[in-house]
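Asker: I'd like to ask some things about the structure below.
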Amino acid sequence: MKLLIFFVVLFHSLTWAITTWSKEVKLVTGLDYAPYASPDSLNGGVITEIVSLVFSEIGYQPTLGFYPWNRALKRVDSLKSDATFPYAHTNERAEKFYFSHPVHKIKLSIFQRRGQAKPYTKPEDLIGLTNCEPLGYKTEVELVDLIETGQINRFNAESVDGCLERLASGRADFVVLSSSVAWATARRLWKGEAVNMISEAEIPLNISTEHLIISKKHPQGHGMIEAFNAKFLQLLESGVIKEVWVKHLGKNSIPLM
């Protein structure tokens, strides 16, 4: 009898372990996207906490890794990780990945060096300037033709930090960034001097959405995206996502969805 009880307990323990293991979801995101995704932010950033919460609510056990953006994307494409976020939609990415409902909507601004900023009202105002783009970032459609025809020079830096430092030193003329990300990074780099180092154009380049993405090669990818979307929208409507947003960014902040 004792032997039978032992095997029953062992069977249930193994079943629980296998079920738990099969429900793990391996999430990866970037290193330098505070306050949205960063190992230095509370709970990995507001978007990180929201994504992890959504997966927890649909029965997954999230694990989290932080990588350079290109590596994060490659990990998901090679199925070493299950999902990554937050990524803007491009036609090239859409060929390989499923995109979730937008998890965030951002204002993308033109940042220049304080005191040397050229007036900006439209992309053509940037002709003749040099742009720095962090590796793994999307080149905004408004700039693609100007860059491809050589009217705007562009080079890449490893991170947002690298681009802002090049901007401040005069090695780049402008950077396209989320307003919140740019100022959070600038304050970390230069503390109270941030406002004296860079300036933000009053007119944004565009408004963009960002998403969770999963490889189309993932055997459960389509189902995971559908389940994620359903739960995300439920938590958004119930106010739970707003509570996370306020916890990170203050009572006057709202999720831009």
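Every chain in the structure tokens has a letter given in the order shown (A, B, ...), and although residue numbers restart at 1 in each chain, ligands are simply numbered from 1 in the order shown.
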DSSP on the backbone, then: every residue of stretch 102-237 of chain A marked strand (DSSP E or B), written as number ranges by chain.
Answerer: A: 104-113, 130-134, 153-157, 174-178, 198-200, 206-215
Asker: May I have the residues from that selection written out with N, CA and C atoms, as an mmCIF file, in the first residue's frame?
Answerer:
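As a result, part-v4.cif now contains:
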data_model
loop_
_atom_site.group_PDB
_atom_site.id
_atom_site.type_symbol
_atom_site.label_atom_id
_atom_site.label_comp_id
_atom_site.auth_asym_id
_atom_site.auth_seq_id
_atom_site.Cartn_x
_atom_site.Cartn_y
_atom_site.Cartn_z
ATOM 1 N N HIS A 104 1.600 49.400 -26.846
ATOM 2 C CA HIS A 104 2.041 50.750 -26.534
ATOM 3 C C HIS A 104 1.947 51.607 -27.788
ATOM 4 N N LYS A 105 1.659 52.860 -27.605
ATOM 5 C CA LYS A 105 1.684 53.826 -28.701
ATOM 6 C C LYS A 105 2.629 54.944 -28.289
ATOM 7 N N ILE A 106 3.582 55.270 -29.146
ATOM 8 C CA ILE A 106 4.613 56.229 -28.767
ATOM 9 C C ILE A 106 4.698 57.388 -29.740
ATOM 10 N N LYS A 107 5.097 58.525 -29.207
ATOM 11 C CA LYS A 107 5.429 59.680 -30.025
ATOM 12 C C LYS A 107 6.914 59.633 -30.311
ATOM 13 N N LEU A 108 7.256 59.597 -31.600
ATOM 14 C CA LEU A 108 8.659 59.596 -32.001
ATOM 15 C C LEU A 108 9.069 61.010 -32.390
ATOM 16 N N SER A 109 10.115 61.491 -31.746
ATOM 17 C CA SER A 109 10.546 62.874 -31.919
ATOM 18 C C SER A 109 11.947 62.965 -32.505
ATOM 19 N N ILE A 110 12.226 64.117 -33.075
ATOM 20 C CA ILE A 110 13.570 64.442 -33.549
ATOM 21 C C ILE A 110 14.324 65.117 -32.403
ATOM 22 N N PHE A 111 15.449 64.534 -32.023
ATOM 23 C CA PHE A 111 16.305 65.112 -30.984
ATOM 24 C C PHE A 111 17.595 65.613 -31.619
ATOM 25 N N GLN A 112 17.980 66.822 -31.238
ATOM 26 C CA GLN A 112 19.211 67.424 -31.731
ATOM 27 C C GLN A 112 20.018 67.965 -30.545
ATOM 28 N N ARG A 113 21.223 68.435 -30.856
ATOM 29 C CA ARG A 113 22.087 68.981 -29.816
ATOM 30 C C ARG A 113 21.591 70.370 -29.411
ATOM 31 N N THR A 130 23.350 64.255 -40.336
ATOM 32 C CA THR A 130 23.750 62.884 -40.036
ATOM 33 C C THR A 130 22.897 62.338 -38.903
ATOM 34 N N ASN A 131 22.308 61.198 -39.151
ATOM 35 C CA ASN A 131 21.428 60.532 -38.189
ATOM 36 C C ASN A 131 22.159 59.363 -37.532
ATOM 37 N N CYS A 132 21.953 59.206 -36.236
ATOM 38 C CA CYS A 132 22.414 58.011 -35.517
ATOM 39 C C CYS A 132 21.200 57.169 -35.157
ATOM 40 N N GLU A 133 21.284 55.885 -35.459
ATOM 41 C CA GLU A 133 20.178 54.967 -35.152
ATOM 42 C C GLU A 133 20.701 53.806 -34.313
ATOM 43 N N PRO A 134 20.117 53.542 -33.137
ATOM 44 C CA PRO A 134 20.555 52.389 -32.340
ATOM 45 C C PRO A 134 20.331 51.083 -33.096
ATOM 46 N N ASN A 153 22.738 61.284 -44.058
ATOM 47 C CA ASN A 153 23.739 60.284 -43.704
ATOM 48 C C ASN A 153 23.267 59.550 -42.450
ATOM 49 N N ARG A 154 23.565 58.267 -42.388
ATOM 50 C CA ARG A 154 23.168 57.525 -41.199
ATOM 51 C C ARG A 154 24.238 56.533 -40.796
ATOM 52 N N PHE A 155 24.439 56.404 -39.479
ATOM 53 C CA PHE A 155 25.273 55.336 -38.949
ATOM 54 C C PHE A 155 24.599 54.780 -37.709
ATOM 55 N N ASN A 156 25.064 53.610 -37.290
ATOM 56 C CA ASN A 156 24.464 52.934 -36.146
ATOM 57 C C ASN A 156 25.372 52.991 -34.935
ATOM 58 N N ALA A 157 24.758 53.033 -33.774
ATOM 59 C CA ALA A 157 25.456 52.863 -32.498
ATOM 60 C C ALA A 157 24.854 51.658 -31.793
ATOM 61 N N PHE A 174 21.190 64.328 -35.472
ATOM 62 C CA PHE A 174 19.868 64.072 -34.904
ATOM 63 C C PHE A 174 19.665 62.585 -34.652
ATOM 64 N N VAL A 175 18.759 62.308 -33.721
ATOM 65 C CA VAL A 175 18.359 60.950 -33.365
ATOM 66 C C VAL A 175 16.844 60.937 -33.290
ATOM 67 N N VAL A 176 16.234 59.857 -33.773
ATOM 68 C CA VAL A 176 14.783 59.671 -33.672
ATOM 69 C C VAL A 176 14.516 58.714 -32.522
ATOM 70 N N LEU A 177 13.791 59.204 -31.503
ATOM 71 C CA LEU A 177 13.525 58.388 -30.326
ATOM 72 C C LEU A 177 12.153 58.702 -29.739
ATOM 73 N N SER A 178 11.638 57.745 -29.004
ATOM 74 C CA SER A 178 10.487 58.020 -28.150
ATOM 75 C C SER A 178 10.868 59.121 -27.174
ATOM 76 N N ILE A 198 20.484 68.150 -24.939
ATOM 77 C CA ILE A 198 19.692 67.812 -26.122
ATOM 78 C C ILE A 198 18.404 68.626 -26.128
ATOM 79 N N SER A 199 17.802 68.744 -27.320
ATOM 80 C CA SER A 199 16.514 69.412 -27.445
ATOM 81 C C SER A 199 15.590 68.559 -28.294
ATOM 82 N N GLU A 200 14.287 68.659 -28.026
ATOM 83 C CA GLU A 200 13.272 67.871 -28.735
ATOM 84 C C GLU A 200 12.442 68.791 -29.620
ATOM 85 N N ASN A 206 6.423 61.088 -36.070
ATOM 86 C CA ASN A 206 5.198 60.316 -36.248
ATOM 87 C C ASN A 206 4.752 59.732 -34.911
ATOM 88 N N ILE A 207 3.591 59.094 -34.938
ATOM 89 C CA ILE A 207 3.084 58.320 -33.809
ATOM 90 C C ILE A 207 3.127 56.859 -34.235
ATOM 91 N N SER A 208 3.750 56.022 -33.433
ATOM 92 C CA SER A 208 3.973 54.625 -33.816
ATOM 93 C C SER A 208 3.440 53.685 -32.736
ATOM 94 N N THR A 209 3.033 52.492 -33.150
ATOM 95 C CA THR A 209 2.616 51.463 -32.188
ATOM 96 C C THR A 209 3.720 50.435 -32.023
ATOM 97 N N GLU A 210 3.739 49.795 -30.857
ATOM 98 C CA GLU A 210 4.710 48.741 -30.570
ATOM 99 C C GLU A 210 3.975 47.496 -30.101
ATOM 100 N N HIS A 211 4.603 46.337 -30.318
ATOM 101 C CA HIS A 211 3.896 45.070 -30.173
ATOM 102 C C HIS A 211 4.781 43.993 -29.539
ATOM 103 N N LEU A 212 4.113 42.965 -29.013
ATOM 104 C CA LEU A 212 4.764 41.697 -28.692
ATOM 105 C C LEU A 212 4.824 40.902 -29.986
ATOM 106 N N ILE A 213 5.939 40.214 -30.238
ATOM 107 C CA ILE A 213 6.038 39.409 -31.453
ATOM 108 C C ILE A 213 6.535 38.004 -31.137
ATOM 109 N N ILE A 214 6.034 37.041 -31.940
ATOM 110 C CA ILE A 214 6.383 35.630 -31.809
ATOM 111 C C ILE A 214 6.671 35.089 -33.206
ATOM 112 N N SER A 215 7.678 34.249 -33.326
ATOM 113 C CA SER A 215 8.044 33.695 -34.622
ATOM 114 C C SER A 215 6.914 32.859 -35.202
#
Asker: Using only C-alpha atoms, tabulate the residues of stretch 48-141 of chain A lying at most 8 Å from any atom of stretch 223-234 of chain A, each with its closest atom pair and that distance in Å to one decimal, by chain and increasing residue number, as a Markdown table.
Answerer:
| residue | atom | partner | partner_atom | distance |
| --- | --- | --- | --- | --- |
| A:Val54 | CA | A:Phe232 | CA | 5.9 |
| A:Phe55 | CA | A:Phe228 | CA | 6.7 |
| A:Glu57 | CA | A:Lys231 | CA | 7.4 |
| A:Ile58 | CA | A:Lys231 | CA | 7.0 |
| A:Tyr98 | CA | A:Ile225 | CA | 7.1 |
| A:Phe99 | CA | A:Ile225 | CA | 7.3 |
| A:Ser100 | CA | A:Ile225 | CA | 5.8 |
| A:His101 | CA | A:Asn229 | CA | 5.8 |
Asker: Next, the residues of the selection above should be written as a compact mmCIF listing (two decimals), in the first residue's frame with C-alpha atoms.
Answerer:
# COMPACT_ATOMS: atom_id res chain seq x y z
CA VAL A 54 -0.78 39.07 -19.29
CA PHE A 55 1.07 35.78 -19.73
CA GLU A 57 -3.07 35.59 -16.31
CA ILE A 58 -3.41 33.10 -19.17
CA TYR A 98 3.12 37.30 -35.54
CA PHE A 99 2.31 40.73 -34.10
CA SER A 100 0.10 41.26 -31.07
CA HIS A 101 -2.43 43.99 -30.49
Asker: Would you please give, as an MDAnalysis selection string, all residues of stretch 24-207 of chain A that DSSP assigns to alpha helix (DSSP H) based on the backbone?
Answerer: chainID A and resid 46:57 69:77 91:94 141:148 160:169 179:190 194:197
Asker: If we count only C-alpha atoms and set the cut-off at 10 Å, which residues sit around A:Gly65, ignoring sequence neighbours fewer than 5 positions away in its own chain? Please answer as a PyMOL selection string.
Answerer: chain A and resi 26-31+39+44+72+81+84
Asker: Could you check which of A:Gly239, A:Gln220, A:Ala184, A:Met197 is closest to A:Ser169, using only C-alpha atoms?
Answerer: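 With only C-alpha atoms as the atom set, the closest residue is A:Met197.
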Asker: Please provide the set of residues having any atom within 6 Å of A:Ala34, restricted to only C-alpha atoms, with same-chain residues fewer than 3 positions apart removed, written as a ChimeraX atom specification.
Answerer: /A:37-38,181
Asker: What would the file look like if the residues just selected were written as a short mmCIF file (atom, residue, chain, number, x, y, z; two decimals), in the first residue's frame with C-alpha atoms?
Answerer:
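Okay, this is what ended up in again18.cif:
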data_model
loop_
_atom_site.label_atom_id
_atom_site.label_comp_id
_atom_site.auth_asym_id
_atom_site.auth_seq_id
_atom_site.Cartn_x
_atom_site.Cartn_y
_atom_site.Cartn_z
CA ALA A 37 11.83 47.90 -20.92
CA SER A 38 15.14 47.95 -19.06
CA VAL A 181 13.00 56.98 -23.69
#
Asker: So that I can check the surroundings of A:Ser78, please list as number ranges by chain every protein, DNA and RNA residue that reaches within 12 Å of it, counting only C-alpha atoms and ignoring chain neighbours fewer than 5 positions away.
Answerer: A: 71-73, 83, 96-97, 214-218
Asker: Output the selection as a PDB file, in the first residue's frame - C-alpha atoms for each residue.
Answerer:
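Everything below was put into out_17.pdb:
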ATOM      1  CA  ARG A  71      19.994  39.479 -30.398  1.00  0.00           C
ATOM      2  CA  ALA A  72      16.542  39.442 -28.823  1.00  0.00           C
ATOM      3  CA  LEU A  73      14.951  39.295 -32.270  1.00  0.00           C
ATOM      4  CA  ALA A  83       8.439  36.138 -27.537  1.00  0.00           C
ATOM      5  CA  LYS A  96       8.632  36.152 -39.998  1.00  0.00           C
ATOM      6  CA  PHE A  97       6.647  37.120 -36.900  1.00  0.00           C
ATOM      7  CA  ILE A 214       6.383  35.630 -31.809  1.00  0.00           C
ATOM      8  CA  SER A 215       8.044  33.695 -34.622  1.00  0.00           C
ATOM      9  CA  LYS A 216       5.732  32.131 -37.201  1.00  0.00           C
ATOM     10  CA  LYS A 217       7.932  29.031 -36.846  1.00  0.00           C
ATOM     11  CA  HIS A 218       6.797  28.633 -33.220  1.00  0.00           C
TER      12      HIS A 218
END
Asker: With a distance cut-off of 10 Å and only C-alpha atoms, select the neighbouring residues of A:Gly150, excluding the residue or stretch itself and same-chain residues fewer than 4 positions from it, and output the selection as a PyMOL selection string.
Answerer: chain A and resi 127-128+144-146+154
Asker: Mind dumping the selected residues with C-alpha atoms as an mmCIF file, in the first residue's frame?
Answerer:
data_model
loop_
_atom_site.group_PDB
_atom_site.id
_atom_site.type_symbol
_atom_site.label_atom_id
_atom_site.label_comp_id
_atom_site.auth_asym_id
_atom_site.auth_seq_id
_atom_site.Cartn_x
_atom_site.Cartn_y
_atom_site.Cartn_z
ATOM 1 C CA ILE A 127 18.482 66.872 -45.500
ATOM 2 C CA GLY A 128 22.246 67.209 -45.216
ATOM 3 C CA VAL A 144 13.943 55.743 -45.675
ATOM 4 C CA ASP A 145 14.063 57.433 -49.097
ATOM 5 C CA LEU A 146 16.147 60.338 -47.797
ATOM 6 C CA ARG A 154 23.168 57.525 -41.199
#
Asker: Figure out the distance between atom CA of A:Glu140 and atom CA of A:Ala168, please, to one decimal in Å.
Answerer: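 Distance reported for this atom pair: 21.9 Å.
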